[in-house]
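Q: Attaching a single structure in structure tokens format; questions to follow.
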Amino acid sequence: MIKNFIGLLLNGVIVTFGLLPLLAQAQQPVSNTQVAAMVEALRQAAPQTKNPKDGLYSEWQVKPETLKGWSKTCLKRELTPTQFENSAAIARQVVSCITRRELTNQFRATNNNEIASVRGAACWWMTGSYTSCNKGFTADYVQKVVRLYQQQLSKPAAIHS
């Protein structure tokens, strides 16, 4: 009886250690470098309407109703559009927080396919959906974000710190 118990325990330990690398790979967190590259890509790809009264705020062109939820999620308090617009540091903090969340979700959904994750997150950023960016303006936007993301990642590491 004790021999069977020890055998089962030993098998359990062996199986657990055998699966740990797979679990670690499946739950690999999004790196700060990936988040920073995505945040910068979203900033650079943000459509510029040339209209100062377009109702969009900061370099990332965020809608006020979106900003309320994001700031509450990330900062535990709502920001006004003016606060968001007037502080590049706070805007980047909120955008980074949301970007990390969405990239993480997409990495899980795509089995850690980085480019598919960037595409999904960029599509979500523009439309609120992960998959509706196959043609027209949204497809062009997503491709631009992917290109800019890849450019950011290819820059020397000192830029990302």
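In the structure tokens, each chain is lettered A, B, ... as it comes, each chain's residues begin at 1, and ligands are numbered from 1 in order of appearance.
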Excluding Phe137 (chain A) and residues on its chain fewer than 3 positions from it, collect all residues at most 12 Å away from it, counting only C-alpha atoms, and give them as a short mmCIF file (atom, residue, chain, number, x, y, z; two decimals) with C-alpha atoms, in the first residue's frame.
A:
data_model
loop_
_atom_site.label_atom_id
_atom_site.label_comp_id
_atom_site.auth_asym_id
_atom_site.auth_seq_id
_atom_site.Cartn_x
_atom_site.Cartn_y
_atom_site.Cartn_z
CA ALA A 45 -0.72 55.14 -36.05
CA PRO A 47 -5.53 58.91 -37.11
CA CYS A 123 -8.22 45.89 -34.34
CA MET A 126 -9.83 50.83 -33.39
CA THR A 127 -13.17 48.98 -33.42
CA SER A 132 -13.44 42.85 -37.84
CA CYS A 133 -10.45 44.51 -39.51
CA ASN A 134 -10.09 42.63 -42.79
CA ASP A 140 -4.81 49.53 -43.34
CA TYR A 141 -4.69 50.81 -39.77
CA VAL A 142 -3.94 47.35 -38.34
CA GLN A 143 -1.17 46.79 -40.89
CA LYS A 144 0.32 50.17 -40.00
#
Q: Expressed in Å to a single decimal, how great is the separation between CA of Glu114 (chain A) and CA of Glu40 (chain A)?
A: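 Computing it gives 16.1 Å between the two atoms.
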Q: Considering only alpha helix (DSSP H) as DSSP defines it on the backbone, what residues of region 50-126 of chain A qualify? List them as an MDAnalysis selection string.
A: chainID A and resid 64:75 81:86 88:109 114:126
Q: With distances taken over only C-alpha atoms, which residue among A:Val62, A:Ile98, A:Leu67, A:Val30 lies nearest Ser117 (chain A)?
A: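 Closest to Ser117 (chain A), using only C-alpha atoms: A:Val30.
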Q: May I ask for the distance between CA of Glu78 (chain A) and CA of Asn32 (chain A), given in Å to one decimal place?
A: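 Straight-line distance from CA of Glu78 (chain A) to CA of Asn32 (chain A) works out to 24.5 Å.
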Q: Which is closer to Leu56 (chain A) than all the others in A:Phe84, A:Phe107, A:Tyr130, A:Tyr149, using only C-alpha atoms?
A: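 Among A:Phe84, A:Phe107, A:Tyr130, A:Tyr149, it is A:Phe84 that comes nearest to Leu56 (chain A).
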Q: I need the residue nearest Thr66 (chain A) from this list: A:Asn112, A:Gly128, A:Gly120, A:Gln93. Use only C-alpha atoms for the distance.
A: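 Comparing A:Asn112, A:Gly128, A:Gly120, A:Gln93 against Thr66 (chain A), the winner is A:Gly128.
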Q: Record the distance separating CA of Pro29 (chain A) and CA of Arg100 (chain A), expressed in Å with one decimal.
A: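 Value for the CA of Pro29 (chain A)-CA of Arg100 (chain A) distance: 9.2 Å.
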